[in-house]
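Structure data (mmCIF, C-alpha atoms) from my_file38.cif:
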```
data_final
loop_
_atom_site.label_atom_id
_atom_site.label_comp_id
_atom_site.auth_asym_id
_atom_site.auth_seq_id
_atom_site.Cartn_x
_atom_site.Cartn_y
_atom_site.Cartn_z
CA MET E 125 69.90 1.83 175.46
CA SER E 126 73.51 1.80 174.43
CA GLY E 127 76.04 4.56 173.86
CA ALA E 128 77.72 5.51 177.10
CA SER E 129 78.88 8.74 175.51
CA ALA E 130 75.31 9.89 174.76
CA PRO E 131 74.00 12.63 177.04
CA ALA E 132 71.69 11.52 179.84
CA ALA E 133 68.75 13.42 178.37
CA VAL E 134 68.73 11.44 175.12
CA ALA E 135 65.21 10.27 174.50
CA ALA E 136 64.14 6.92 173.13
CA GLY E 137 63.15 6.64 169.48
CA LEU E 138 64.53 8.91 166.80
CA ASP E 139 66.24 12.02 168.05
CA ALA E 140 67.59 14.85 165.91
CA ARG E 141 69.63 17.63 167.45
CA GLU E 142 70.63 20.95 165.87
CA LEU E 143 70.37 19.49 162.42
CA ALA E 144 71.61 21.64 159.56
CA ILE E 145 71.89 20.56 155.96
CA PHE E 146 73.48 22.53 153.16
CA ARG E 147 73.30 21.70 149.51
CA GLY E 148 76.47 23.25 148.22
CA GLU E 149 76.44 26.81 149.55
CA HIS E 150 72.69 26.85 149.92
CA CYS E 151 71.27 26.20 153.37
CA LEU E 152 68.20 23.94 153.23
CA PHE E 153 67.50 24.24 156.94
CA GLU E 154 69.37 24.63 160.19
CA GLY E 155 68.75 24.35 163.90
CA LEU E 156 66.23 21.55 163.44
CA ASP E 157 65.42 19.68 166.67
CA PHE E 158 62.81 17.00 167.05
CA ASN E 159 62.14 13.68 168.68
CA VAL E 160 59.93 10.89 167.37
CA ARG E 161 58.88 8.64 170.25
CA PRO E 162 58.07 4.97 169.83
CA GLY E 163 54.50 4.74 168.60
CA GLN E 164 54.61 8.16 167.02
CA VAL E 165 54.35 9.19 163.38
CA ALA E 166 56.18 12.26 162.10
CA LEU E 167 55.19 13.94 158.84
CA VAL E 168 57.73 15.93 156.87
CA VAL E 169 55.98 18.58 154.79
CA GLY E 170 57.26 21.37 152.60
CA PRO E 171 57.31 22.55 149.01
CA ASN E 172 59.33 20.84 146.29
CA GLY E 173 63.03 21.39 146.81
CA ALA E 174 62.68 22.15 150.50
CA GLY E 175 64.96 19.24 151.36
CA LYS E 176 62.48 16.57 152.45
CA THR E 177 64.29 13.73 150.70
CA THR E 178 67.66 14.99 151.91
CA LEU E 179 66.38 15.12 155.48
CA LEU E 180 65.00 11.58 155.25
CA ARG E 181 68.30 10.24 153.91
CA VAL E 182 70.11 11.91 156.77
CA LEU E 183 67.64 10.42 159.27
CA ALA E 184 68.22 6.97 157.76
CA GLY E 185 71.97 7.42 158.14
CA LEU E 186 72.55 7.21 154.38
CA ALA E 187 74.02 10.71 154.23
CA PRO E 188 75.78 12.80 156.87
CA PRO E 189 74.21 16.06 158.07
CA THR E 190 76.28 19.20 157.58
CA HIS E 191 75.88 19.88 161.26
CA GLY E 192 74.18 18.16 164.18
CA ILE E 193 73.47 14.54 164.97
CA VAL E 194 70.69 12.00 164.49
CA ARG E 195 70.33 9.25 167.07
CA TRP E 196 68.27 6.09 167.02
CA GLY E 197 67.95 4.33 170.36
CA GLY E 198 70.70 6.63 171.65
CA ALA E 199 73.25 5.67 168.98
CA ASP E 200 74.40 7.80 166.05
CA VAL E 201 72.62 6.52 162.93
CA ARG E 202 75.85 6.85 160.94
CA SER E 203 77.50 4.18 163.11
CA LEU E 204 74.82 1.95 164.58
CA PRO E 205 75.97 -0.84 166.89
CA VAL E 206 75.27 -4.39 165.73
CA HIS E 207 72.11 -4.91 167.79
CA LEU E 208 70.45 -1.80 166.31
CA ARG E 209 71.36 -2.52 162.69
CA GLY E 210 68.39 -3.37 160.53
CA GLU E 211 65.98 -1.46 162.77
CA ILE E 212 65.80 1.41 160.31
CA ALA E 213 64.10 0.96 156.95
CA TYR E 214 64.16 3.62 154.24
CA ARG E 215 61.98 3.69 151.15
CA GLY E 216 62.85 6.45 148.72
CA HIS E 217 61.86 7.33 145.18
CA ALA E 218 63.67 4.28 143.79
CA ASP E 219 61.62 1.19 144.46
CA GLY E 220 64.63 -0.93 145.33
CA LEU E 221 63.70 -3.95 143.28
CA LYS E 222 65.55 -5.80 140.58
CA ARG E 223 63.96 -5.59 137.14
CA GLU E 224 65.47 -8.94 136.12
CA LEU E 225 63.95 -10.79 139.07
CA THR E 226 60.34 -11.83 139.53
CA VAL E 227 58.16 -10.34 142.25
CA ARG E 228 58.53 -13.50 144.30
CA GLU E 229 62.33 -13.52 143.92
CA ASN E 230 62.52 -9.87 144.92
CA LEU E 231 60.35 -10.35 148.00
CA ASP E 232 62.09 -13.57 148.96
CA PHE E 233 65.48 -11.87 148.74
CA CYS E 234 64.27 -9.12 151.11
CA ARG E 235 62.97 -11.74 153.50
CA ARG E 236 66.32 -13.55 153.57
CA ILE E 237 68.40 -10.39 153.89
CA TRP E 238 66.29 -9.05 156.74
CA ASN E 239 66.06 -12.47 158.36
CA ALA E 240 62.33 -12.03 158.56
CA GLY E 241 59.89 -14.71 159.56
CA ALA E 242 56.97 -13.18 157.68
CA SER E 243 55.47 -15.04 154.76
CA VAL E 244 56.00 -13.72 151.25
CA ASP E 245 52.64 -15.07 150.10
CA ALA E 246 50.70 -13.35 152.87
CA ILE E 247 52.34 -9.98 152.16
CA ALA E 248 51.82 -10.40 148.42
CA ALA E 249 48.15 -11.17 148.96
CA GLU E 250 47.75 -8.07 151.11
CA LEU E 251 49.37 -6.00 148.35
CA ARG E 252 47.19 -7.68 145.70
CA LEU E 253 50.35 -8.94 144.01
CA ASP E 254 49.54 -12.62 144.52
CA THR E 255 48.62 -13.12 140.86
CA ARG E 256 51.78 -11.29 139.71
CA LEU E 257 54.34 -13.25 141.73
CA ASP E 258 56.04 -14.77 138.68
CA VAL E 259 56.17 -11.53 136.66
CA HIS E 260 59.56 -9.90 136.19
CA GLY E 261 60.13 -6.50 137.76
CA ARG E 262 60.56 -4.81 134.39
CA ASN E 263 57.04 -5.87 133.33
CA LEU E 264 55.33 -4.27 136.31
CA SER E 265 53.59 -0.92 136.32
CA ALA E 266 55.00 1.91 138.45
CA GLY E 267 52.29 1.34 141.05
CA GLN E 268 53.00 -2.38 141.20
CA ARG E 269 56.72 -1.74 141.60
CA ARG E 270 55.90 0.61 144.44
CA ARG E 271 53.83 -2.16 146.00
CA VAL E 272 56.75 -4.60 145.82
CA GLY E 273 58.96 -2.01 147.52
CA LEU E 274 56.42 -1.58 150.27
CA GLY E 275 56.20 -5.36 150.59
CA CYS E 276 59.95 -5.44 151.30
CA LEU E 277 59.45 -2.76 153.92
CA LYS E 278 56.75 -4.78 155.63
CA LEU E 279 58.77 -8.02 155.39
CA GLY E 280 61.84 -6.42 156.91
CA GLY E 281 60.14 -5.80 160.24
CA ALA E 282 62.18 -2.66 160.97
CA ARG E 283 61.11 -0.53 163.93
CA LEU E 284 61.68 2.83 162.28
CA TRP E 285 60.11 3.39 158.89
CA ILE E 286 61.41 6.33 156.88
CA LEU E 287 59.19 6.76 153.84
CA ASP E 288 59.54 9.27 151.04
CA GLU E 289 56.09 9.93 149.57
CA PRO E 290 55.09 6.28 149.89
CA THR E 291 51.72 6.71 148.20
CA THR E 292 53.09 8.01 144.88
CA HIS E 293 51.84 5.93 141.92
CA LEU E 294 49.39 4.05 144.14
CA ASP E 295 45.65 3.78 143.53
CA ALA E 296 43.11 4.62 146.22
CA ALA E 297 43.14 1.11 147.65
CA GLY E 298 46.94 1.14 147.74
CA ARG E 299 46.96 4.48 149.57
CA ASP E 300 44.51 3.18 152.13
CA LEU E 301 46.66 0.10 152.66
CA VAL E 302 49.82 2.17 153.21
CA ILE E 303 48.03 4.45 155.65
CA ASP E 304 46.64 1.43 157.46
CA TRP E 305 50.11 -0.15 157.64
CA ILE E 306 51.70 3.01 159.02
CA THR E 307 48.94 3.41 161.60
CA ARG E 308 49.22 -0.20 162.72
CA HIS E 309 53.02 0.04 162.77
CA ALA E 310 52.79 3.02 165.12
CA ASP E 311 50.13 1.33 167.27
CA ALA E 312 52.52 -1.60 167.70
CA GLY E 313 55.16 0.75 169.11
CA GLY E 314 57.06 1.47 165.88
CA CYS E 315 58.19 4.88 164.65
CA ALA E 316 57.55 6.34 161.23
CA VAL E 317 58.81 9.44 159.48
CA VAL E 318 56.87 10.14 156.30
CA ALA E 319 57.46 12.84 153.73
CA THR E 320 54.14 13.70 152.15
CA HIS E 321 52.23 16.32 150.24
CA GLN E 322 48.93 15.13 151.73
CA PRO E 323 49.50 15.45 155.48
CA ASP E 324 45.77 15.14 156.16
CA GLU E 325 45.82 11.47 155.24
CA LEU E 326 47.99 10.53 158.19
CA SER E 327 47.16 13.23 160.71
CA ARG E 328 45.81 12.04 163.99
CA PRO E 329 46.31 13.16 167.59
CA GLY E 330 49.95 12.94 168.57
CA THR E 331 51.31 13.17 165.03
CA LEU E 332 54.39 15.33 164.78
CA VAL E 333 54.56 17.67 161.81
CA ILE E 334 58.00 18.84 160.65
CA GLU E 335 57.69 21.79 158.31
CA LEU E 336 60.63 22.64 156.10
CA MET V 210 76.28 -17.26 156.18
CA GLY V 211 72.70 -17.58 154.97
CA THR V 212 72.66 -13.95 153.87
CA PHE V 213 76.05 -14.33 152.19
CA ILE V 214 74.68 -17.18 150.08
CA ALA V 215 71.47 -15.25 149.38
CA ILE V 216 73.42 -12.30 147.97
CA VAL V 217 75.75 -14.48 145.91
CA ALA V 218 72.78 -16.44 144.54
CA ARG V 219 70.92 -13.25 143.66
CA ASP V 220 73.91 -11.75 141.84
CA LEU V 221 74.56 -14.96 139.91
CA LYS V 222 70.92 -15.10 138.88
CA LEU V 223 71.07 -11.46 137.74
CA SER V 224 74.21 -12.13 135.69
CA PHE V 225 72.63 -15.05 133.89
CA ARG V 226 69.58 -12.95 133.06
CA ARG V 227 71.67 -10.26 131.38
CA PRO V 228 74.41 -12.43 129.88
CA SER V 229 76.04 -9.73 127.75
CA GLU V 230 77.76 -8.27 130.80
CA VAL V 231 79.38 -11.62 131.48
CA LEU V 232 80.13 -12.59 127.89
CA ASN V 233 81.58 -9.30 126.60
CA PRO V 234 84.79 -9.48 128.68
CA LEU V 235 85.25 -13.12 127.72
CA PHE V 236 84.85 -12.34 124.02
CA PHE V 237 87.32 -9.50 124.45
CA PHE V 238 89.84 -11.86 126.01
CA VAL V 239 89.46 -14.49 123.31
CA ILE V 240 89.53 -12.00 120.42
CA VAL V 241 92.57 -10.05 121.62
CA THR V 242 94.57 -13.13 122.43
CA SER V 243 93.70 -14.86 119.16
CA LEU V 244 94.54 -11.78 117.04
CA PHE V 245 98.11 -11.56 118.31
CA PRO V 246 99.31 -14.89 116.84
CA LEU V 247 97.78 -13.86 113.50
CA ALA V 248 99.61 -10.54 113.43
CA LEU V 249 102.98 -11.88 114.54
CA GLU V 250 105.60 -13.96 112.86
CA PRO V 251 104.23 -17.46 113.11
CA ASP V 252 107.41 -18.97 114.47
CA GLU V 253 107.32 -20.76 117.75
CA THR V 254 109.97 -18.85 119.66
CA SER V 255 108.57 -15.36 119.15
CA LEU V 256 105.03 -16.52 119.94
CA ARG V 257 106.26 -18.17 123.09
CA THR V 258 108.22 -15.08 124.17
CA ILE V 259 105.34 -12.67 124.00
CA GLY V 260 102.56 -15.21 124.65
CA VAL V 261 102.72 -15.09 128.42
CA GLY V 262 102.68 -11.30 128.48
CA VAL V 263 99.78 -10.99 126.03
CA LEU V 264 97.78 -13.55 127.96
CA TRP V 265 98.18 -11.84 131.29
CA VAL V 266 97.63 -8.32 130.02
CA SER V 267 94.44 -9.32 128.18
CA ALA V 268 93.17 -11.21 131.21
CA LEU V 269 93.73 -8.14 133.35
CA LEU V 270 91.97 -5.81 130.90
CA ALA V 271 89.10 -8.23 130.36
CA GLN V 272 88.50 -8.25 134.11
CA LEU V 273 88.24 -4.48 134.14
CA LEU V 274 85.69 -4.43 131.31
CA GLY V 275 82.80 -5.94 133.17
CA LEU V 276 83.37 -3.95 136.25
CA ASP V 277 81.38 -0.78 135.93
CA GLY V 278 78.11 -2.43 136.87
CA LEU V 279 79.37 -4.17 139.99
CA PHE V 280 77.80 -1.63 142.34
CA ARG V 281 76.31 0.83 139.87
CA ASN V 282 73.39 -1.42 138.86
CA ASP V 283 72.40 -1.79 142.49
CA ALA V 284 72.92 1.90 143.22
CA GLU V 285 70.71 3.00 140.33
CA ASP V 286 67.64 0.95 141.25
CA GLY V 287 67.92 1.68 144.95
CA THR V 288 68.77 -1.87 146.03
CA LEU V 289 72.23 -0.83 147.23
CA GLU V 290 70.70 1.51 149.83
CA GLN V 291 68.42 -1.30 150.94
CA LEU V 292 71.37 -3.66 151.30
CA LEU V 293 73.37 -1.12 153.27
CA LEU V 294 70.48 -0.53 155.68
CA SER V 295 69.74 -4.23 156.13
CA PRO V 296 71.17 -6.12 159.10
CA VAL V 297 73.81 -7.75 156.86
CA PRO V 298 77.29 -6.56 157.97
CA HIS V 299 78.76 -4.40 155.22
CA GLY V 300 81.91 -6.53 154.99
CA VAL V 301 79.84 -9.66 154.33
CA LEU V 302 77.71 -7.82 151.79
CA VAL V 303 80.76 -6.62 149.88
CA LEU V 304 82.50 -9.99 150.04
CA ALA V 305 79.36 -11.67 148.69
CA LYS V 306 79.13 -9.27 145.77
CA ILE V 307 82.83 -9.71 144.98
CA THR V 308 82.49 -13.50 145.17
CA ALA V 309 79.60 -13.50 142.71
CA HIS V 310 81.51 -11.18 140.38
CA TRP V 311 84.57 -13.40 140.58
CA ILE V 312 82.55 -16.54 139.77
CA VAL V 313 81.04 -15.06 136.60
CA SER V 314 84.01 -13.04 135.37
CA SER V 315 87.15 -14.88 136.49
CA LEU V 316 86.29 -18.56 136.56
CA PRO V 317 85.45 -18.71 132.83
CA LEU V 318 88.67 -16.82 132.16
CA VAL V 319 90.70 -19.33 134.16
CA ALA V 320 89.05 -22.11 132.19
CA LEU V 321 89.69 -20.45 128.83
CA ALA V 322 93.28 -19.39 129.45
CA PRO V 323 94.93 -22.81 128.88
CA LEU V 324 93.13 -23.10 125.52
CA VAL V 325 94.40 -19.70 124.49
CA ALA V 326 97.86 -20.62 125.71
CA ILE V 327 97.95 -23.46 123.22
CA ALA V 328 97.53 -20.94 120.40
CA PHE V 329 100.73 -19.29 121.63
CA ARG V 330 102.55 -22.63 121.68
CA LEU V 331 103.23 -22.37 125.38
CA PRO V 332 104.81 -25.63 126.56
CA ASP V 333 102.38 -28.07 128.14
CA GLY V 334 104.28 -27.83 131.40
CA ALA V 335 103.30 -24.16 131.73
CA LEU V 336 99.54 -24.77 131.58
CA PRO V 337 98.97 -25.98 135.16
CA ALA V 338 101.06 -23.09 136.50
CA LEU V 339 99.13 -20.63 134.33
CA GLY V 340 95.81 -21.94 135.69
CA ALA V 341 97.04 -21.87 139.28
CA ALA V 342 98.47 -18.38 138.94
CA LEU V 343 95.25 -17.04 137.40
CA LEU V 344 93.20 -18.75 140.10
CA LEU V 345 95.32 -17.05 142.76
CA ALA V 346 95.62 -13.65 141.09
CA THR V 347 92.00 -13.08 140.06
CA PRO V 348 90.51 -12.87 143.59
CA THR V 349 92.97 -10.07 144.41
CA LEU V 350 92.11 -8.38 141.16
CA SER V 351 88.39 -8.67 141.93
CA VAL V 352 88.87 -7.02 145.31
CA LEU V 353 91.03 -4.24 143.85
CA SER V 354 88.48 -3.64 141.12
CA ALA V 355 85.68 -3.55 143.67
CA ILE V 356 87.54 -0.80 145.53
CA GLY V 357 87.81 1.11 142.25
CA ALA V 358 84.14 0.55 141.42
CA ALA V 359 83.02 1.67 144.86
CA LEU V 360 85.19 4.79 144.84
CA THR V 361 83.88 5.86 141.44
CA LEU V 362 80.22 5.14 142.17
CA GLY V 363 79.37 8.84 141.91
CA ILE V 364 80.94 9.24 138.47
CA LYS V 365 79.15 8.35 135.27
CA HIS V 366 81.06 6.15 132.78
CA SER V 367 83.74 5.45 135.31
CA GLY V 368 85.40 2.63 133.33
CA PRO V 369 88.60 4.47 132.33
CA ILE V 370 89.00 5.96 135.80
CA ILE V 371 88.64 2.54 137.41
CA GLY V 372 91.40 1.39 135.09
CA LEU V 373 93.66 4.23 136.18
CA LEU V 374 92.98 3.43 139.82
CA VAL V 375 93.26 -0.32 139.64
CA LEU V 376 95.91 -1.13 137.04
CA PRO V 377 98.89 0.32 138.95
CA LEU V 378 97.81 -1.60 142.05
CA ALA V 379 97.39 -4.73 139.97
CA SER V 380 100.89 -4.63 138.51
CA PRO V 381 102.35 -7.02 141.14
CA LEU V 382 99.77 -9.59 140.01
CA LEU V 383 100.90 -9.19 136.45
CA ILE V 384 104.57 -9.51 137.42
CA PHE V 385 104.23 -12.57 139.64
CA GLY V 386 101.59 -14.24 137.48
CA ALA V 387 103.59 -13.89 134.29
CA ARG V 388 106.74 -14.92 136.13
CA ALA V 389 105.14 -18.13 137.41
CA THR V 390 103.93 -19.01 133.93
CA ASP V 391 107.37 -18.25 132.47
CA LEU V 392 109.24 -20.32 135.04
CA ALA V 393 106.93 -23.27 134.49
CA GLY V 394 107.61 -23.00 130.77
CA TYR V 395 111.35 -23.46 131.44
CA GLY V 396 110.59 -26.35 133.77
CA GLU V 397 111.71 -24.50 136.87
CA PRO V 398 109.95 -24.43 140.27
CA THR V 399 107.10 -21.91 140.46
CA ALA V 400 106.41 -22.01 144.20
CA GLY V 401 107.91 -18.56 144.85
CA PRO V 402 105.64 -16.39 142.71
CA LEU V 403 102.62 -18.59 143.44
CA TYR V 404 103.11 -18.18 147.20
CA LEU V 405 103.38 -14.43 146.74
CA LEU V 406 100.16 -14.39 144.72
CA ALA V 407 98.46 -16.43 147.44
CA ALA V 408 99.69 -14.03 150.12
CA LEU V 409 98.35 -11.06 148.16
CA ALA V 410 95.00 -12.84 147.78
CA VAL V 411 94.75 -13.45 151.52
CA LEU V 412 95.62 -9.83 152.24
CA ALA V 413 93.12 -8.51 149.69
CA ILE V 414 90.26 -10.73 150.82
CA SER V 415 90.73 -9.94 154.50
CA VAL V 416 91.27 -6.17 154.30
CA GLY V 417 89.70 -5.23 150.97
CA PRO V 418 85.99 -5.65 151.78
CA LEU V 419 86.26 -3.16 154.66
CA ALA V 420 87.78 -0.57 152.33
CA VAL V 421 85.06 -1.24 149.76
CA ALA V 422 82.33 -0.90 152.40
CA ALA V 423 83.71 2.46 153.53
CA ALA V 424 83.88 3.66 149.92
CA LEU V 425 80.32 2.51 149.27
CA ARG V 426 78.96 4.46 152.22
CA VAL V 427 80.51 7.58 150.78
CA GLY V 428 79.30 6.61 147.33
CA VAL V 429 75.58 6.45 148.16
CA GLU V 430 75.48 9.85 149.91
#
```
Could you write out this structure as C-alpha cells?
Amino acid sequence: MSGASAPAAVAAGLDARELAIFRGEHCLFEGLDFNVRPGQVALVVGPNGAGKTTLLRVLAGLAPPTHGIVRWGGADVRSLPVHLRGEIAYRGHADGLKRELTVRENLDFCRRIWNAGASVDAIAAELRLDTRLDVHGRNLSAGQRRRVGLGCLKLGGARLWILDEPTTHLDAAGRDLVIDWITRHADAGGCAVVATHQPDELSRPGTLVIEL
Amino acid sequence: MGTFIAIVARDLKLSFRRPSEVLNPLFFFVIVTSLFPLALEPDETSLRTIGVGVLWVSALLAQLLGLDGLFRNDAEDGTLEQLLLSPVPHGVLVLAKITAHWIVSSLPLVALAPLVAIAFRLPDGALPALGAALLLATPTLSVLSAIGAALTLGIKHSGPIIGLLVLPLASPLLIFGARATDLAGYGEPTAGPLYLLAALAVLAISVGPLAVAAALRVGVE
C-alpha cells in the first residue's frame, strides 16, 4: 500500500469517504461512505436520475467529487501512482469501440494498450464474436457492440471493474456470461462496482448494496 | 514505446478509413493558394511579394480545419475514457495522438507546399527553406492545436473557438516561417529563423503534451 499521507485506517480495495456530489445546485447525494474489499461486489441501485452513472465516474476517477475522496489501494483515484494505473476499468453507456475498426482490431488495440497477455481469439469465442471478428464496428448490433466492450474489459485484466448497467442490450446468454464473469472476477480477489436495475441477478452473500 | 506505436497506428488507420477529414484541409490549402494568383495581377514581382504570406497563412488555416475531431471523435464513442484509464501514461497517449495527426495533416502539406510555391513564382532557392520551415513549424502548430482541441472538448462546434485560442499563439510560427522563406528567396542565410522554429518545436513537444493531458482530464468530466 502506498500513500504515506493516507490515514492509518484506510482499508484495502475501494474506499469512499464522505462522498458528496452535486449536479449544479442540486445535491445528488452526500455523506456517502463505503468500502469494497478485494473479492467483493458492490451493487449501485436507485431510480433513473439518482446519480448512479455520476457516482461510477467519480469512483473511476474520471470526474471529481464535489466533496470527499475515493481511494483505491490507499491512493486517491484522481492521481493514481504509476504502479496502480490500469488497475481500474470503467465501462459506461458508450461501448468504447471504434466504428471504423473491425472487432479484431478493436480487441487487439485494447490488448496492446492494456499490455495484456490474454488471447483475443479466446475472449471472442467466449463472447460468441468469433465469427464476427472481421466485421466493422458500425455494422454490429447494439448487443454485439456491448459484447466487444466487455471483451476489452476482460482483456484489460484490471482489478477493479466499474460497470454501468453492463447487461443492457444483451440477450439472456450474454447476461449469464457477464454475471459469470463478475462472479469469477470477485472469486479471484477482484473488486466490482456495478450499477444495475436488476440487483437480484448479482446478489449473493457478502454483496454490498449502495442505494442512492 | 509499444503502446505509443499502437496508438499512432490506430489513429492512422482510422484516418485512412474516413479520408474526408484528411483530404478537406488539403483541398482547402490547394484551392485557396491557387485562387490568389488568378485574382492578382499576373506579374512576377507582385506574386512573389504576397506569395510567401499567402502560403503560410493558408497552411496555418488548413491545419486548423481538420482539428475538431482530434479528441472529439474519441470522446464521443467512449474510447477516450478508456485510453485515459489504461496504463498508458497520459503524456505518451497525447504525444501519440498528436504524432498521428501531424503525419496525416502536416506531412502532405509540407509535400504540397513547394508545388504551390511554383505557382507564385517563388525563386527555386526558396523552396528548400520553405520545406524546412514548414517541417519545423508544423509540429509546434500541431501541439498548440491539440491544446486548443482539448480545452474545447466540452463545446460543440468548437472550430472557431480553437482558431481564436490557437492563432495568436501560432503567430511566431508565421513570422519566423515566412521570414525564413523570404530570406531564402533573396539568397540570404536562413539559419536564424529556422533555429528559432526548431527551438519552439522542442519546447512545444516537451511541455505541450502535459498541458494537453491536463486539459483532457478536465474535458472528460
- Task: Please determine the contact residues of chain E with respect to chain V at a cut-off of 6 Å, counting all atoms listed in the file, and supply them as number ranges by chain.
- Result: E: 186-187, 209-210, 218, 220, 237-238
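Run against this file, the PyMOL selection byres ((chain V and resi 316) around 12) gives back V:Val231, V:Leu235, V:Ala268, V:Gln272, V:Thr308, V:Ala309, V:His310, V:Trp311, V:Ile312, V:Val313, V:Ser314, V:Ser315, V:Pro317, V:Leu318, V:Val319, V:Ala320, V:Leu321, V:Ala322, V:Gly340, V:Ala341, V:Leu343, V:Leu344, V:Leu345, V:Ala346, V:Thr347, V:Pro348, V:Ser351.
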Produce a file of the selected residues containing C-alpha atoms, as an mmCIF file, in the coordinates of the input.
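result_32.cif written:
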```
data_model
loop_
_atom_site.group_PDB
_atom_site.id
_atom_site.type_symbol
_atom_site.label_atom_id
_atom_site.label_comp_id
_atom_site.auth_asym_id
_atom_site.auth_seq_id
_atom_site.Cartn_x
_atom_site.Cartn_y
_atom_site.Cartn_z
ATOM 1 C CA VAL V 231 79.380 -11.620 131.480
ATOM 2 C CA LEU V 235 85.250 -13.120 127.720
ATOM 3 C CA ALA V 268 93.170 -11.210 131.210
ATOM 4 C CA GLN V 272 88.500 -8.250 134.110
ATOM 5 C CA THR V 308 82.490 -13.500 145.170
ATOM 6 C CA ALA V 309 79.600 -13.500 142.710
ATOM 7 C CA HIS V 310 81.510 -11.180 140.380
ATOM 8 C CA TRP V 311 84.570 -13.400 140.580
ATOM 9 C CA ILE V 312 82.550 -16.540 139.770
ATOM 10 C CA VAL V 313 81.040 -15.060 136.600
ATOM 11 C CA SER V 314 84.010 -13.040 135.370
ATOM 12 C CA SER V 315 87.150 -14.880 136.490
ATOM 13 C CA PRO V 317 85.450 -18.710 132.830
ATOM 14 C CA LEU V 318 88.670 -16.820 132.160
ATOM 15 C CA VAL V 319 90.700 -19.330 134.160
ATOM 16 C CA ALA V 320 89.050 -22.110 132.190
ATOM 17 C CA LEU V 321 89.690 -20.450 128.830
ATOM 18 C CA ALA V 322 93.280 -19.390 129.450
ATOM 19 C CA GLY V 340 95.810 -21.940 135.690
ATOM 20 C CA ALA V 341 97.040 -21.870 139.280
ATOM 21 C CA LEU V 343 95.250 -17.040 137.400
ATOM 22 C CA LEU V 344 93.200 -18.750 140.100
ATOM 23 C CA LEU V 345 95.320 -17.050 142.760
ATOM 24 C CA ALA V 346 95.620 -13.650 141.090
ATOM 25 C CA THR V 347 92.000 -13.080 140.060
ATOM 26 C CA PRO V 348 90.510 -12.870 143.590
ATOM 27 C CA SER V 351 88.390 -8.670 141.930
#
```
- Shell of 12 Å around E:Thr178, all atoms listed in the file, local chain residues under 2 positions omitted, as number ranges by chain: E: 143-147, 151-153, 168, 172-176, 180-190, 216-217, 286-288, 319, 336; V: 430
The PyMOL selection byres ((chain E and resi 266-283) around 6) resolved against shown file, as a CSV table (one decimal) with C-alpha atoms, in the coordinates of the input:
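Wrote out_18.csv, looks like this:
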```csv
chain,number,residue,atom,x,y,z
E,211,GLU,CA,66.0,-1.5,162.8
E,212,ILE,CA,65.8,1.4,160.3
E,213,ALA,CA,64.1,1.0,157.0
E,219,ASP,CA,61.6,1.2,144.5
E,231,LEU,CA,60.4,-10.4,148.0
E,234,CYS,CA,64.3,-9.1,151.1
E,235,ARG,CA,63.0,-11.7,153.5
E,238,TRP,CA,66.3,-9.0,156.7
E,240,ALA,CA,62.3,-12.0,158.6
E,242,ALA,CA,57.0,-13.2,157.7
E,264,LEU,CA,55.3,-4.3,136.3
E,265,SER,CA,53.6,-0.9,136.3
E,284,LEU,CA,61.7,2.8,162.3
E,293,HIS,CA,51.8,5.9,141.9
E,294,LEU,CA,49.4,4.0,144.1
E,314,GLY,CA,57.1,1.5,165.9
```
- Residues near E:Arg223, cut-off 8 Å, all atoms listed in the file, skip fewer than 5 positions along chain, as a ChimeraX atom specification: /E:260-263
What does the file look like for those residues with C-alpha atoms, as an mmCIF file, keeping the file's coordinate frame?
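New file part28.cif:
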```
data_model
loop_
_atom_site.group_PDB
_atom_site.id
_atom_site.type_symbol
_atom_site.label_atom_id
_atom_site.label_comp_id
_atom_site.auth_asym_id
_atom_site.auth_seq_id
_atom_site.Cartn_x
_atom_site.Cartn_y
_atom_site.Cartn_z
ATOM 1 C CA HIS E 260 59.560 -9.900 136.190
ATOM 2 C CA GLY E 261 60.130 -6.500 137.760
ATOM 3 C CA ARG E 262 60.560 -4.810 134.390
ATOM 4 C CA ASN E 263 57.040 -5.870 133.330
#
```
- Item | atom CA of V:Pro251 to atom CA of V:Ala335, straight-line distance in Å | 19.8 Å
- Task: Using the chain letters and numbering of this document, enumerate as a count of residues only the residues selected by the PyMOL selection byres ((chain V and resi 338) around 10).
- Result: 25
- Message: Rounded to one decimal, what separation in Å do you get between atom CA of E:Thr226 and atom CA of E:Thr292?
- Response: 21.8 Å
- Message: Need the shell around V:Leu374: protein/DNA/RNA residues with any atom at most 8 Å away, counting all atoms listed in the file. Skip same-chain ones fewer than 4 positions apart. Format as a VMD selection string?
- Response: chain V and resid 357 370 378
- Item | Spatial neighbours of V:Leu232, 9 Å, only C-alpha atoms, chain gap at least 4 places, as a count of residues only | 5
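Note that the spacing between atom CA of E:Gln164 and atom CA of E:Asp311 amounts to 8.2 Å.
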- Message: Excluding E:Val333 and its own-chain neighbours fewer than 4 positions away, which residues fall within 9 Å of it when counting all atoms listed in the file? Please give them as an MDAnalysis selection string.
- Response: chainID E and resid 165:169 323 327
Neighbourhood query: residues within 10 Å of (81.9, 1.1, 154.2), file coordinates, counting all atoms listed in the file; return as a PDB file with C-alpha atoms, in the coordinates of the input.
```
ATOM      1  CA  LEU V 293      73.370  -1.120 153.270  1.00  0.00           C
ATOM      2  CA  PRO V 298      77.290  -6.560 157.970  1.00  0.00           C
ATOM      3  CA  HIS V 299      78.760  -4.400 155.220  1.00  0.00           C
ATOM      4  CA  GLY V 300      81.910  -6.530 154.990  1.00  0.00           C
ATOM      5  CA  VAL V 303      80.760  -6.620 149.880  1.00  0.00           C
ATOM      6  CA  ALA V 359      83.020   1.670 144.860  1.00  0.00           C
ATOM      7  CA  PRO V 418      85.990  -5.650 151.780  1.00  0.00           C
ATOM      8  CA  LEU V 419      86.260  -3.160 154.660  1.00  0.00           C
ATOM      9  CA  ALA V 420      87.780  -0.570 152.330  1.00  0.00           C
ATOM     10  CA  VAL V 421      85.060  -1.240 149.760  1.00  0.00           C
ATOM     11  CA  ALA V 422      82.330  -0.900 152.400  1.00  0.00           C
ATOM     12  CA  ALA V 423      83.710   2.460 153.530  1.00  0.00           C
ATOM     13  CA  ALA V 424      83.880   3.660 149.920  1.00  0.00           C
ATOM     14  CA  LEU V 425      80.320   2.510 149.270  1.00  0.00           C
ATOM     15  CA  ARG V 426      78.960   4.460 152.220  1.00  0.00           C
ATOM     16  CA  VAL V 427      80.510   7.580 150.780  1.00  0.00           C
ATOM     17  CA  GLY V 428      79.300   6.610 147.330  1.00  0.00           C
TER      18      GLY V 428
END
```
